[in-house]
Structures are given as C-alpha cells and as structure tokens.
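Colleague: What follows is target_38.cif, made up of mmCIF, C-alpha atoms:
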data_query
loop_
_atom_site.label_atom_id
_atom_site.label_comp_id
_atom_site.auth_asym_id
_atom_site.auth_seq_id
_atom_site.Cartn_x
_atom_site.Cartn_y
_atom_site.Cartn_z
CA MET A 20 0.00 0.00 0.00
CA GLY A 21 2.89 2.33 -0.77
CA VAL A 22 0.61 4.41 -2.95
CA VAL A 23 -1.34 5.70 0.02
CA ILE A 24 1.79 6.91 1.78
CA GLU A 25 3.03 8.71 -1.35
CA LEU A 26 -0.34 10.36 -1.80
CA ILE A 27 -0.04 12.13 1.52
CA SER A 28 2.02 14.76 -0.32
CA LEU A 29 0.23 18.04 -0.80
CA SER A 30 1.10 18.16 -4.50
CA SER A 31 -0.57 14.86 -5.40
CA ILE A 32 -3.68 15.81 -3.46
CA GLY A 33 -3.58 19.09 -5.38
CA ILE A 34 -3.39 17.22 -8.70
CA ILE A 35 -6.28 14.91 -7.73
CA PHE A 36 -8.27 17.97 -6.66
CA GLY A 37 -7.60 19.79 -9.96
CA VAL A 38 -8.42 16.79 -12.14
CA SER A 39 -11.64 16.29 -10.18
CA ILE A 40 -12.73 19.90 -10.76
CA VAL A 41 -12.42 19.26 -14.51
CA ALA A 42 -14.28 15.93 -14.19
CA GLY A 43 -17.08 17.56 -12.18
CA THR A 44 -17.44 20.40 -14.70
CA LEU A 45 -17.64 18.05 -17.69
CA GLY A 46 -19.87 15.62 -15.82
CA ALA A 47 -22.33 18.36 -14.90
CA LEU A 48 -22.37 19.63 -18.50
CA LEU A 49 -22.92 16.26 -20.17
CA GLY A 50 -24.80 14.16 -17.62
CA LEU A 51 -21.88 11.77 -17.17
CA GLY A 52 -20.21 10.72 -13.94
CA GLY A 53 -16.72 11.89 -14.77
CA GLY A 54 -15.24 8.39 -14.54
CA ILE A 55 -13.79 8.76 -18.04
CA ILE A 56 -11.53 11.50 -16.67
CA ILE A 57 -10.97 10.30 -13.09
CA ILE A 58 -9.91 6.72 -13.89
CA PRO A 59 -7.26 7.43 -16.56
CA ALA A 60 -5.95 10.50 -14.70
CA LEU A 61 -5.48 8.61 -11.44
CA THR A 62 -4.00 5.45 -12.95
CA LEU A 63 -1.84 6.95 -15.71
CA LEU A 64 -0.87 10.30 -14.18
CA LEU A 65 -0.45 9.30 -10.54
CA GLY A 66 -0.01 5.52 -10.74
CA VAL A 67 -2.91 4.89 -8.36
CA ASP A 68 -4.09 1.27 -8.03
CA ILE A 69 -6.98 0.64 -10.49
CA ARG A 70 -9.26 -0.49 -7.63
CA TYR A 71 -8.85 2.85 -5.83
CA ALA A 72 -9.40 4.65 -9.15
CA ILE A 73 -12.68 2.76 -9.67
CA GLY A 74 -13.74 3.50 -6.09
CA ALA A 75 -12.91 7.20 -6.60
CA SER A 76 -14.92 7.17 -9.82
CA VAL A 77 -18.00 5.80 -7.98
CA VAL A 78 -17.62 8.66 -5.49
CA SER A 79 -17.20 11.07 -8.42
CA VAL A 80 -20.45 9.87 -10.06
CA ILE A 81 -22.45 10.42 -6.88
CA ALA A 82 -20.80 13.79 -6.18
CA THR A 83 -21.51 14.96 -9.76
CA SER A 84 -25.08 13.74 -9.61
CA SER A 85 -25.96 15.17 -6.20
CA GLY A 86 -24.00 18.41 -6.70
CA ALA A 87 -25.35 19.24 -10.15
CA ALA A 88 -28.86 17.85 -9.69
CA ALA A 89 -29.59 20.16 -6.75
CA THR A 90 -29.10 23.19 -9.02
CA TYR A 91 -30.71 21.70 -12.15
CA ILE A 92 -33.82 20.63 -10.22
CA ARG A 93 -34.14 24.08 -8.67
CA ASP A 94 -33.96 25.60 -12.16
CA ARG A 95 -36.43 22.95 -13.46
CA ILE A 96 -33.98 21.72 -16.13
CA THR A 97 -34.01 18.26 -14.55
CA ASN A 98 -37.37 16.56 -14.98
CA VAL A 99 -37.84 14.73 -11.69
CA ARG A 100 -40.81 12.65 -12.91
CA ILE A 101 -39.12 11.53 -16.12
CA GLY A 102 -36.03 10.67 -14.04
CA MET A 103 -37.96 8.65 -11.48
CA PHE A 104 -39.99 6.93 -14.21
CA LEU A 105 -36.84 5.84 -16.04
CA GLU A 106 -35.11 4.83 -12.81
CA MET A 107 -37.59 1.94 -12.73
CA ALA A 108 -35.82 0.69 -15.86
CA THR A 109 -32.24 1.37 -14.73
CA THR A 110 -32.62 -0.21 -11.28
CA THR A 111 -34.38 -3.27 -12.75
CA GLY A 112 -31.64 -3.51 -15.38
CA ALA A 113 -28.94 -3.29 -12.70
CA ILE A 114 -30.45 -6.27 -10.85
CA LEU A 115 -30.71 -8.20 -14.13
CA GLY A 116 -27.10 -7.34 -14.90
CA ALA A 117 -25.85 -8.49 -11.50
CA TYR A 118 -27.76 -11.76 -11.99
CA LEU A 119 -26.49 -12.24 -15.56
CA SER A 120 -22.88 -11.53 -14.69
CA GLY A 121 -22.01 -15.20 -14.15
CA LEU A 122 -23.82 -16.35 -17.26
CA ILE A 123 -22.60 -14.05 -20.02
CA HIS A 124 -19.17 -13.32 -21.47
CA THR A 125 -18.63 -9.62 -20.86
CA ARG A 126 -16.54 -9.57 -24.05
CA TYR A 127 -19.60 -9.88 -26.30
CA LEU A 128 -21.38 -7.24 -24.28
CA TYR A 129 -18.56 -4.77 -24.87
CA PHE A 130 -18.99 -5.41 -28.61
CA ILE A 131 -22.76 -4.91 -28.46
CA PHE A 132 -22.47 -1.71 -26.47
CA ALA A 133 -19.63 -0.42 -28.68
CA LEU A 134 -21.89 -1.01 -31.69
CA VAL A 135 -24.88 0.75 -30.11
CA LEU A 136 -22.74 3.70 -29.04
CA GLY A 137 -20.96 3.86 -32.40
CA TYR A 138 -24.29 4.00 -34.20
CA SER A 139 -25.56 6.64 -31.78
CA THR A 140 -22.44 8.73 -32.33
CA LEU A 141 -23.21 8.77 -36.06
CA ALA A 142 -26.87 9.60 -35.46
CA LEU A 143 -25.92 12.39 -33.09
CA PHE A 144 -23.39 13.73 -35.59
CA ARG A 145 -26.15 14.09 -38.17
CA ARG A 146 -28.28 15.99 -35.65
CA ARG A 147 -25.41 18.08 -34.27
CA ASN A 148 -26.94 21.40 -35.34
CA VAL A 149 -30.44 20.67 -34.07
CA GLU A 150 -31.33 23.16 -31.33
CA LEU A 151 -34.79 21.86 -30.42
CA VAL A 152 -36.81 19.02 -31.93
CA SER A 153 -39.95 20.44 -33.50
CA ASP A 154 -41.56 17.32 -34.97
CA ALA A 155 -41.90 15.32 -31.75
CA THR A 156 -45.21 13.50 -31.39
CA PRO A 157 -46.19 12.87 -27.76
CA HIS A 158 -46.42 9.19 -26.85
CA PRO A 159 -49.69 8.12 -25.11
CA LEU A 160 -47.66 6.90 -22.14
CA ALA A 161 -46.19 10.38 -21.78
CA TRP A 162 -49.68 11.68 -20.92
CA LYS A 163 -50.35 8.77 -18.58
CA PHE A 164 -47.10 9.19 -16.62
CA LYS A 165 -46.87 13.00 -16.82
CA LEU A 166 -43.62 12.90 -18.81
CA TRP A 167 -43.67 16.57 -19.77
CA GLY A 168 -42.32 19.82 -18.45
CA SER A 169 -40.99 23.27 -19.18
CA TYR A 170 -37.92 25.27 -18.28
CA TYR A 171 -36.57 28.73 -18.96
CA ASP A 172 -33.70 28.56 -21.44
CA SER A 173 -31.23 31.34 -20.66
CA ALA A 174 -29.39 30.90 -23.98
CA LEU A 175 -32.58 31.14 -26.08
CA GLN A 176 -34.23 33.53 -23.62
CA GLN A 177 -37.57 31.78 -23.73
CA GLU A 178 -39.66 29.23 -21.88
CA ILE A 179 -39.22 25.81 -23.51
CA LYS A 180 -42.11 23.35 -23.27
CA TYR A 181 -41.58 19.70 -24.08
CA ILE A 182 -43.24 16.29 -23.84
CA SER A 183 -41.73 12.84 -24.30
CA SER A 184 -42.18 10.85 -27.47
CA GLY A 185 -40.78 7.30 -27.96
CA VAL A 186 -41.36 6.21 -24.36
CA PRO A 187 -41.02 2.41 -24.96
CA PRO A 188 -37.67 2.53 -26.84
CA GLY A 189 -36.37 5.09 -24.32
CA PHE A 190 -37.39 2.81 -21.45
CA LEU A 191 -35.73 -0.16 -23.19
CA VAL A 192 -32.42 1.66 -23.71
CA MET A 193 -32.56 2.66 -20.03
CA LEU A 194 -33.04 -1.00 -19.13
CA GLY A 195 -29.92 -1.75 -21.22
CA ALA A 196 -28.03 1.04 -19.47
CA GLY A 197 -29.01 -0.53 -16.14
CA VAL A 198 -27.86 -4.00 -17.24
CA LEU A 199 -24.57 -2.46 -18.34
CA SER A 200 -23.94 -0.83 -14.99
CA GLY A 201 -25.02 -3.92 -13.03
CA LEU A 202 -22.83 -6.14 -15.16
CA LEU A 203 -19.73 -4.06 -15.74
CA GLY A 204 -19.99 -1.63 -12.86
CA ILE A 205 -19.81 1.45 -15.08
CA GLY A 206 -22.03 4.48 -14.84
CA SER A 207 -23.53 4.40 -18.36
CA GLY A 208 -24.49 8.08 -18.27
CA ALA A 209 -23.88 8.30 -22.03
CA PHE A 210 -26.63 5.74 -22.71
CA LYS A 211 -29.03 7.62 -20.49
CA VAL A 212 -28.46 10.90 -22.33
CA LEU A 213 -28.90 9.13 -25.68
CA ALA A 214 -32.14 7.42 -24.63
CA MET A 215 -33.68 10.77 -23.71
CA ASP A 216 -32.22 12.81 -26.57
CA MET A 217 -32.67 10.37 -29.45
CA PHE A 218 -35.73 8.32 -28.56
CA MET A 219 -37.76 10.47 -26.20
CA LYS A 220 -36.82 13.66 -28.08
CA LEU A 221 -36.36 15.75 -24.97
CA PRO A 222 -34.30 18.96 -25.22
CA MET A 223 -30.57 18.17 -24.88
CA LYS A 224 -30.31 20.22 -21.68
CA VAL A 225 -33.18 18.29 -20.11
CA SER A 226 -31.56 15.02 -21.23
CA THR A 227 -28.13 15.74 -19.71
CA ALA A 228 -29.57 17.23 -16.52
CA THR A 229 -32.01 14.35 -16.01
CA SER A 230 -29.25 11.81 -16.72
CA ASN A 231 -27.18 13.64 -14.12
CA PHE A 232 -30.03 13.21 -11.66
CA MET A 233 -30.27 9.47 -12.41
CA ILE A 234 -26.61 8.36 -12.40
CA GLY A 235 -26.30 8.93 -8.66
CA VAL A 236 -28.96 6.31 -7.94
CA THR A 237 -27.26 3.83 -10.28
CA ALA A 238 -23.90 4.37 -8.57
CA ALA A 239 -25.35 4.31 -5.05
CA ALA A 240 -26.71 0.81 -5.74
CA SER A 241 -23.16 -0.55 -6.00
CA ALA A 242 -21.41 1.90 -3.65
CA GLY A 243 -21.87 -0.30 -0.59
CA ILE A 244 -20.06 -3.20 -2.23
CA TYR A 245 -17.19 -0.99 -3.37
CA PHE A 246 -16.84 0.41 0.13
CA SER A 247 -16.82 -2.95 1.92
CA HIS A 248 -14.38 -4.39 -0.64
CA GLY A 249 -11.90 -1.61 0.17
CA TYR A 250 -12.10 0.22 -3.19
CA ILE A 251 -12.91 3.56 -1.58
CA ASN A 252 -9.64 4.92 -0.24
CA PRO A 253 -10.39 8.11 1.75
CA ALA A 254 -7.01 9.71 0.95
CA ILE A 255 -7.87 9.53 -2.77
CA ALA A 256 -11.69 9.60 -2.87
CA GLY A 257 -11.83 12.50 -0.36
CA PRO A 258 -10.11 15.11 -2.56
CA VAL A 259 -12.02 13.69 -5.56
CA ALA A 260 -15.36 14.32 -3.84
CA LEU A 261 -14.45 17.91 -2.94
CA GLY A 262 -13.01 18.70 -6.37
CA VAL A 263 -16.00 17.25 -8.22
CA VAL A 264 -18.49 19.20 -6.08
CA LEU A 265 -16.61 22.42 -6.93
CA GLY A 266 -16.55 21.38 -10.59
CA THR A 267 -20.32 20.91 -10.68
CA ILE A 268 -20.78 24.51 -9.51
CA ILE A 269 -18.79 25.64 -12.57
CA GLY A 270 -20.47 23.11 -14.89
CA THR A 271 -24.04 23.98 -13.95
CA ARG A 272 -23.40 27.72 -14.41
CA LEU A 273 -21.81 27.08 -17.79
CA MET A 274 -24.52 24.72 -19.04
CA VAL A 275 -27.47 27.07 -18.63
CA ARG A 276 -25.70 29.60 -20.85
CA LEU A 277 -24.90 27.12 -23.64
CA ARG A 278 -27.13 26.29 -26.57
CA ASN A 279 -28.49 22.75 -26.93
CA ALA A 280 -26.60 22.37 -30.21
CA THR A 281 -23.32 23.39 -28.54
CA LEU A 282 -23.93 20.81 -25.84
CA ARG A 283 -24.39 18.16 -28.54
CA LYS A 284 -21.08 19.13 -30.11
CA ILE A 285 -19.24 18.78 -26.79
CA PHE A 286 -20.97 15.43 -26.25
CA LEU A 287 -19.91 14.02 -29.67
CA PRO A 288 -16.14 13.48 -29.14
CA VAL A 289 -16.80 12.11 -25.63
CA LEU A 290 -19.27 9.62 -27.09
CA LEU A 291 -16.79 8.62 -29.81
CA TYR A 292 -14.11 8.10 -27.16
CA ILE A 293 -16.36 5.88 -25.02
CA SER A 294 -17.43 3.73 -27.99
CA LEU A 295 -13.80 3.22 -29.07
CA GLU A 296 -12.84 2.37 -25.51
CA MET A 297 -15.60 -0.27 -25.37
CA LEU A 298 -14.49 -1.70 -28.71
CA LEU A 299 -10.91 -1.96 -27.39
CA LYS A 300 -12.07 -3.70 -24.21
CA GLY A 301 -14.04 -6.17 -26.34
CA LEU A 302 -11.06 -6.84 -28.60
CA ARG A 303 -8.76 -7.42 -25.62
CA GLY A 304 -11.32 -9.82 -24.17
CA MET B 8 -43.98 22.72 -30.49
CA ASN B 9 -47.70 23.00 -30.68
CA LEU B 10 -48.78 20.88 -27.76
CA SER B 11 -51.63 21.17 -25.35
CA PHE B 12 -50.43 21.68 -21.84
CA SER B 13 -53.83 22.32 -20.34
CA GLN B 14 -53.28 19.57 -17.78
CA SER B 15 -50.07 21.03 -16.43
CA LYS B 16 -51.58 24.48 -16.22
CA SER B 17 -54.41 23.38 -13.96
CA LYS B 18 -54.57 24.31 -10.29
CA LYS B 19 -52.25 21.40 -9.46
CA ARG B 20 -49.43 23.46 -10.97
CA ILE B 21 -48.17 24.44 -7.53
CA SER B 22 -47.69 20.98 -6.04
CA PRO B 23 -44.97 19.63 -8.41
CA LEU B 24 -42.92 22.76 -7.74
CA GLU B 25 -42.90 21.95 -4.05
CA ILE B 26 -41.85 18.36 -4.72
CA GLU B 27 -38.92 19.54 -6.78
CA ASP B 28 -37.80 22.11 -4.23
CA PHE B 29 -37.85 19.46 -1.51
CA ILE B 30 -35.82 16.97 -3.58
CA SER B 31 -33.34 19.70 -4.52
CA LEU B 32 -32.99 20.62 -0.85
CA SER B 33 -32.41 16.99 0.21
CA LEU B 34 -29.56 16.68 -2.29
CA ARG B 35 -28.05 20.04 -1.33
CA VAL B 36 -28.06 19.18 2.38
CA GLY B 37 -26.39 15.81 1.69
CA VAL B 38 -23.66 17.39 -0.44
CA ILE B 39 -22.95 20.22 1.99
CA ILE B 40 -22.78 17.98 5.08
CA SER B 41 -20.50 15.47 3.37
CA SER B 42 -18.25 18.17 1.86
CA VAL B 43 -17.74 19.83 5.25
CA ILE B 44 -16.88 16.50 6.94
CA VAL B 45 -14.53 15.43 4.11
CA ALA B 46 -12.80 18.86 4.11
CA LEU B 47 -12.30 18.72 7.90
CA GLY B 48 -10.85 15.20 7.66
CA LEU B 49 -8.60 16.19 4.77
CA ILE B 50 -7.19 19.21 6.63
CA LEU B 51 -6.51 17.04 9.69
CA PHE B 52 -4.95 14.42 7.42
CA LEU B 53 -2.58 16.93 5.79
CA LEU B 54 -1.66 18.50 9.14
CA SER B 55 -0.93 15.24 10.92
CA ALA B 56 0.42 13.15 7.99
CA TYR B 57 -0.43 10.22 10.22
CA THR B 58 -3.08 7.74 9.10
CA GLY B 59 -3.53 5.89 12.40
CA PHE B 60 -4.07 2.75 10.36
CA PRO B 61 -0.95 0.56 10.09
CA GLY B 62 0.66 0.05 6.66
CA GLY B 63 -1.29 2.85 4.99
CA ASP B 64 -4.54 0.96 5.52
CA PHE B 65 -7.91 2.70 5.82
CA PRO B 66 -11.37 1.95 7.27
CA LYS B 67 -13.53 -0.40 5.18
CA SER B 68 -16.52 -1.10 7.42
CA LEU B 69 -19.03 0.98 9.34
CA HIS B 70 -17.53 -0.37 12.56
CA GLN B 71 -14.00 0.71 11.59
CA VAL B 72 -15.24 4.16 10.58
CA TRP B 73 -17.11 4.51 13.88
CA THR B 74 -14.17 3.49 16.10
CA GLY B 75 -11.88 5.71 13.99
CA LEU B 76 -14.25 8.64 14.46
CA LEU B 77 -14.14 8.24 18.23
CA SER B 78 -10.36 8.70 18.15
CA LEU B 79 -10.68 11.57 15.61
CA ASN B 80 -8.74 9.60 13.00
CA PRO B 81 -8.43 11.76 9.84
CA LEU B 82 -9.09 8.91 7.36
CA ALA B 83 -12.12 7.76 9.34
CA ILE B 84 -13.49 11.33 9.28
CA ILE B 85 -13.05 11.50 5.49
CA ALA B 86 -14.66 8.04 5.14
CA ALA B 87 -17.62 9.18 7.24
CA GLY B 88 -18.10 12.19 4.96
CA LEU B 89 -17.91 9.92 1.89
CA LEU B 90 -20.51 7.59 3.41
CA VAL B 91 -22.88 10.55 3.82
CA LEU B 92 -22.29 11.35 0.13
CA LEU B 93 -22.87 7.73 -0.97
CA ALA B 94 -26.14 7.62 0.98
CA THR B 95 -27.42 10.92 -0.49
CA PRO B 96 -29.05 9.41 -3.65
CA ILE B 97 -30.80 6.75 -1.55
CA PHE B 98 -31.99 9.47 0.81
CA ARG B 99 -33.20 11.44 -2.22
CA VAL B 100 -35.35 8.53 -3.47
CA ALA B 101 -36.80 8.02 0.02
CA ALA B 102 -37.49 11.76 0.33
CA SER B 103 -39.28 11.78 -3.07
CA LEU B 104 -41.41 8.83 -1.99
CA VAL B 105 -42.60 10.71 1.10
CA THR B 106 -43.19 13.94 -0.87
CA PHE B 107 -45.16 12.24 -3.65
CA PHE B 108 -47.27 10.51 -1.00
CA LEU B 109 -47.94 13.77 0.86
CA GLN B 110 -48.95 15.36 -2.45
CA LYS B 111 -51.35 12.43 -2.99
CA ASP B 112 -49.57 11.51 -6.24
CA TYR B 113 -49.98 7.76 -5.67
CA GLN B 114 -48.79 6.84 -9.16
CA TYR B 115 -45.37 8.34 -8.46
CA THR B 116 -45.41 7.20 -4.82
CA PHE B 117 -45.57 3.66 -6.23
CA ILE B 118 -42.82 4.40 -8.78
CA ALA B 119 -40.53 5.87 -6.08
CA GLY B 120 -41.31 2.88 -3.84
CA TYR B 121 -40.39 0.46 -6.61
CA VAL B 122 -37.10 2.32 -7.30
CA LEU B 123 -36.24 2.36 -3.58
CA PHE B 124 -36.96 -1.36 -3.28
CA MET B 125 -34.80 -2.24 -6.31
CA LEU B 126 -32.06 0.08 -5.06
CA LEU B 127 -31.94 -1.61 -1.66
CA LEU B 128 -32.10 -5.03 -3.33
CA SER B 129 -29.11 -4.27 -5.57
CA LEU B 130 -27.20 -2.94 -2.57
CA PHE B 131 -27.15 -6.56 -1.43
CA LEU B 132 -26.77 -8.19 -4.84
CA GLY B 133 -24.29 -5.68 -6.32
CA LYS B 134 -20.99 -6.63 -7.85
CA ALA B 135 -17.61 -4.92 -7.51
CA GLU B 136 -15.42 -4.54 -10.63
#
Please express the file's structure as structure tokens.
Modeller:
Amino acid sequence: MGVVIELISLSSIGIIFGVSIVAGTLGALLGLGGGIIIIPALTLLLGVDIRYAIGASVVSVIATSSGAAATYIRDRITNVRIGMFLEMATTTGAILGAYLSGLIHTRYLYFIFALVLGYSTLALFRRRNVELVSDATPHPLAWKFKLWGSYYDSALQQEIKYISSGVPPGFLVMLGAGVLSGLLGIGSGAFKVLAMDMFMKLPMKVSTATSNFMIGVTAAASAGIYFSHGYINPAIAGPVALGVVLGTIIGTRLMVRLRNATLRKIFLPVLLYISLEMLLKGLRG
Amino acid sequence: MNLSFSQSKSKKRISPLEIEDFISLSLRVGVIISSVIVALGLILFLLSAYTGFPGGDFPKSLHQVWTGLLSLNPLAIIAAGLLVLLATPIFRVAASLVTFFLQKDYQYTFIAGYVLFMLLLSLFLGKAE
C-alpha cells in the first residue's frame, strides 16, 4: 500500500483535486459521472491502483449527480418525474445485470455496447446542429405518466415546453443502461443521455440534466459493495469528492448559458471516445 | 412545439414545484454535510500526515469508521463524509417517496417505492469490478 503513503504529499492531493474539478465540470455539462476523466488520470498520471481509481470514480459519479442535480432541479432543467420513471428501468436492469454476470461473457457485451454507441455517435453527428426538436409526437404513455415539463432557457431567452415521445424505446435503452452498470460496474451516463435525446426527443439540456439526476442512484446501488471491498480509499476519494463538487458549480453555471446544439457538439467526441474504448475492451477480451 | 399543456396548467401546478424544491434541498443538504466532513478530515490528514491505520490501511466497514471517528482519526473522518455522500441518492429517493405521497400523487409514490426497493435489493446483490 505504498501508494497511500506517497499520496499524503500536498502536490498529489492538489493534482487529484484539480483533475476532479475538470471531471465535475464536464460531468455536470454532459450528464456523465466523470469516470472517463478520473480513472485514466489517477492510474496513468499518478499511478494509483486501479481499484482505488474505480472507487474514486464511484464517489465522483455520486458527487456529480448530487451536486449538479440540486441546481438543475431548482432551475427545473431536470425533470424529476421523467427521471424517477426511467429509474424503474435502470434499477431493474442493474439487478438483471448483476444476476447475468455469471452467465454471459462480458466480451460480447462490450462489442454490443460499442456497436450501439458507435451508431448513436453517427446519429448524433447528423443531428449536431439541431437546437430543439420540432416534430416530436407525444407518446400516449407520456400523458399517462406526466412525462412533460418546461424550463426557462437562458441561452434562447424563452420558456421551452416539451413532452416525451418514444417512451417504450427510451425505457428499453434505459433497461440496457441498467444491465450495463449492473454487469460491468460502469455508470452508463452516455446511454441515459442518448435514450432521452434520441428516442424520447427531450431537449438536450433536459436530457443531460435528467441523466445527471439518475446516475447517482445507479452508482449508489453498487457503492456499498465498493466500500466494503476496500475500493474507496479516503485519501484519494476525499479530494475527488471535494473537487468534483466544486466542478459541478462551474459546470451547472456554464450549461445554462450554452445552446443545446453546442452541448451536442461537446458530447460528440466524448461519445466517440467511449465507444472506441468499449471496442478496445471487447477486442482485448 | 404546438402541444396542449392544459393539464399542467391546472390548479395542481403548484404541487410539483414543491416536490422539486424538496428533492433539490435533500440533495443540497447531503452534499454540503458530506463536503464539510470530508474537508475537515482532509485538513486534519494533511496536518498530521499520520493515518492511524498501520501500513497505509484505511477503514472499510461501518464499525471501523465509527471506532476511527471516536479517536478523531483523519481517514475515518473522510470516510464518514464519503458515506454521507454515498447515501445521499438513496436518501433522495426516500425523500421523493414521502413527498409524492404527501402530495397524494400515488402513481409516483408507487414508482418511487419500486425504485427504492430495487435500489436496496441491488445494494445486497451488487458486484464490484
């Protein structure tokens, strides 16, 4: 456990803190947990044990979610009902995933998810300039489950009203996102954003903010296990938590000023990176 | 979009706002409490440079965190703050369940109850890695 002793130095805690601010900012903007920044930064930059990096990333997801969601809910950008409705799918999927983990080769799953994400990246690229979807037809279930809302868009300077279309495919992708996190232990925030943006046709801001709201619940489901297995090292996860919370303050302030189309363009390279990473993991077995 | 929002503009308009403010508050309180505890532990940790756990080890169970807290061990204080953070989303779901129930939105009370049940179930079934 030499790593822990080395990390006592003020400079490494400073680096962890700085990296976490960036992760929290990006996570709050895009509805992701920030694991894609925390894990490589800790392992490659500081040589932290991968288990501690994963534990820190779980902490980062919950810090991003709770830190950003508080602001987004207050500003009504997060749709609490849509989030809770879809959490039925993600939590069920997580249980399914945990149950399936002994039965399925994760290798094939990486391929499937890489394919889905790769396709979504293309689809998102085609829609990169779309500010708001205008041809959305409300799904009957959207009326039944009150999957609508409105928020004031500071960038467009108008009240945006929206209602969900494509509820069944959105719910199904959320189920898949849940399986993914139950099976592989990853946050799957990207899938959540895609389900809401592409299938349910919600405004991009509502999609990222509501994903942000949801990822905390997904991560909390596995947090207990990570803690009792000794993945959550306080000397590393502590500065991560503080840095990420600060980052979400920056991220939430930035996001309300951005246009939905700009948000999509920031999301694109991140999505491409995640799909390539999944493909690599599948190839390596 | 040319949609009818007559339902959302009815007199019930006020209740969902209250639900959201309450959920937002529950998250904010969780984040602030945990951040303050983690920051205190981290300052102590940097000042003392002494972990109190042999071989650079750290607390991994509620019992270890509790005994560490009693001796003001810096890593145990940070761990306690992190535990508050990890529990915040679960607390949020429980808080929404109560709020939906108080607002007599039984449809979403059921949904929140289902999510809470599955969440607690996966806490026991969950997998590390």
Colleague: Could you build a table of the residues in stretch 29-99 of chain B lying no more than 12 Å from stretch 220-237 of chain A, giving for each the nearest pair of atoms and their separation in Å rounded to one decimal place, using only C-alpha atoms, ordered by chain and ascending residue number, as a Markdown table?
Modeller:
| residue | atom | partner | partner_atom | distance |
| --- | --- | --- | --- | --- |
| B:Ile30 | CA | A:Phe232 | CA | 10.6 |
| B:Ser31 | CA | A:Phe232 | CA | 10.2 |
| B:Leu34 | CA | A:Phe232 | CA | 10.0 |
| B:Leu92 | CA | A:Gly235 | CA | 10.0 |
| B:Leu93 | CA | A:Gly235 | CA | 8.5 |
| B:Ala94 | CA | A:Val236 | CA | 9.4 |
| B:Thr95 | CA | A:Gly235 | CA | 8.5 |
| B:Pro96 | CA | A:Val236 | CA | 5.3 |
| B:Ile97 | CA | A:Val236 | CA | 6.7 |
| B:Phe98 | CA | A:Val236 | CA | 9.8 |
| B:Arg99 | CA | A:Val236 | CA | 8.8 |
Colleague: Could you write those residues out with C-alpha atoms, as a PDB file, in the frame of the given file?
Modeller:
ATOM      1  CA  ILE B  30     -35.820  16.970  -3.580  1.00  0.00           C
ATOM      2  CA  SER B  31     -33.340  19.700  -4.520  1.00  0.00           C
ATOM      3  CA  LEU B  34     -29.560  16.680  -2.290  1.00  0.00           C
ATOM      4  CA  LEU B  92     -22.290  11.350   0.130  1.00  0.00           C
ATOM      5  CA  LEU B  93     -22.870   7.730  -0.970  1.00  0.00           C
ATOM      6  CA  ALA B  94     -26.140   7.620   0.980  1.00  0.00           C
ATOM      7  CA  THR B  95     -27.420  10.920  -0.490  1.00  0.00           C
ATOM      8  CA  PRO B  96     -29.050   9.410  -3.650  1.00  0.00           C
ATOM      9  CA  ILE B  97     -30.800   6.750  -1.550  1.00  0.00           C
ATOM     10  CA  PHE B  98     -31.990   9.470   0.810  1.00  0.00           C
ATOM     11  CA  ARG B  99     -33.200  11.440  -2.220  1.00  0.00           C
TER      12      ARG B  99
END
Colleague: Hey, what's within 8 Å of A:Ser79 if we count all atoms listed in the file and toss same-chain stuff fewer than 6 positions away? As a VMD selection string, please?
Modeller: chain A and resid 39 43 52 to 54 57 256 259 to 260 263
Colleague: Kindly export the residues of the current selection with C-alpha atoms, as an mmCIF file, keeping the file's coordinate frame.
Modeller:
data_model
loop_
_atom_site.group_PDB
_atom_site.id
_atom_site.type_symbol
_atom_site.label_atom_id
_atom_site.label_comp_id
_atom_site.auth_asym_id
_atom_site.auth_seq_id
_atom_site.Cartn_x
_atom_site.Cartn_y
_atom_site.Cartn_z
ATOM 1 C CA SER A 39 -11.640 16.290 -10.180
ATOM 2 C CA GLY A 43 -17.080 17.560 -12.180
ATOM 3 C CA GLY A 52 -20.210 10.720 -13.940
ATOM 4 C CA GLY A 53 -16.720 11.890 -14.770
ATOM 5 C CA GLY A 54 -15.240 8.390 -14.540
ATOM 6 C CA ILE A 57 -10.970 10.300 -13.090
ATOM 7 C CA ALA A 256 -11.690 9.600 -2.870
ATOM 8 C CA VAL A 259 -12.020 13.690 -5.560
ATOM 9 C CA ALA A 260 -15.360 14.320 -3.840
ATOM 10 C CA VAL A 263 -16.000 17.250 -8.220
#
Colleague: Pick out the residues sitting within 7 Å of stretch 102-118 of chain A, and hand them over as a ChimeraX atom specification; count only C-alpha atoms, and ignore anything fewer than 5 positions along from it in its own chain.
Modeller: /A:190,193-202,229,232-233,237 /B:118-119,121-122,125-126,129,132-134
Colleague: At most 9 Å from (-39.0, 18.0, -4.0), file frame, all atoms listed in the file: which residues, as an MDAnalysis selection string?
Modeller: (chainID A and resid 92 99) or (chainID B and resid 23:33 99 102:103 106:107)
Colleague: So that I can see what lies close to A:Leu175, please list as number ranges by chain the residues with an atom at most 10 Å from it, counting only C-alpha atoms and leaving out residues fewer than 3 positions away in the same chain.
Modeller: A: 150, 171-172, 178-179, 275-279
Colleague: Tell me which residues the PyMOL selection byres ((chain A and resi 189) around 9) grabs here, as a list in words.
Modeller: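 Applying the PyMOL selection byres ((chain A and resi 189) around 9) to the structure shown produces Leu105, Ser184, Gly185, Val186, Pro187, Pro188, Phe190, Leu191, Val192, Met193, Leu194, Lys211, Leu213, Ala214, Met215, Met217, Phe218 and Met219 of chain A.
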Colleague: Counting all atoms listed in the file, which residue out of B:Ser78, B:Tyr113, B:Val72, B:Lys67 sits closest to chain A?
Modeller: B:Lys67
Colleague: For atom CA of B:Thr116 and atom CA of A:Phe164, quote the distance in Å rounded to one decimal.
Modeller: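 About the pair atom CA of B:Thr116 and atom CA of A:Phe164: they are 12.1 Å apart.
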Colleague: Contacts of A:Gly168 at 7 Å or less, counting all atoms listed in the file, minus same-chain residues fewer than 6 places along, as a PyMOL selection string?
Modeller: chain A and resi 98+180-182
Colleague: Taking into account all atoms listed in the file, which residue in the set A:Leu282, A:Ile56, A:Leu261, A:Ile251 is nearest to B:Ala83?
Modeller: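 Comparing A:Leu282, A:Ile56, A:Leu261, A:Ile251 against B:Ala83, the winner is A:Ile251.
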Colleague: For atom CA of B:Trp73 and atom CA of A:Ser30, quote the distance in Å rounded to one decimal.
Modeller: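 According to the coordinates, atom CA of B:Trp73 and atom CA of A:Ser30 are separated by 29.3 Å.
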Colleague: Could you work out how far atom CA of B:Leu90 lies from atom CA of A:Val78, giving the answer in Å with one decimal?
Modeller: 9.4 Å
Colleague: I'd like to see the residues matched by the PyMOL selection byres ((chain A and resi 135-137) around 9) on this file, and ideally I'd get them as a VMD selection string.
Modeller: chain A and resid 130 to 134 138 to 142 209 to 210 213 290 to 291 293 to 295 297
Colleague: So that I can see what lies close to A:Ile58, please list as number ranges by chain the residues with an atom at most 7 Å from it, counting only C-alpha atoms and leaving out residues fewer than 2 positions away in the same chain.
Modeller: A: 54-56, 60-62, 72-73, 76
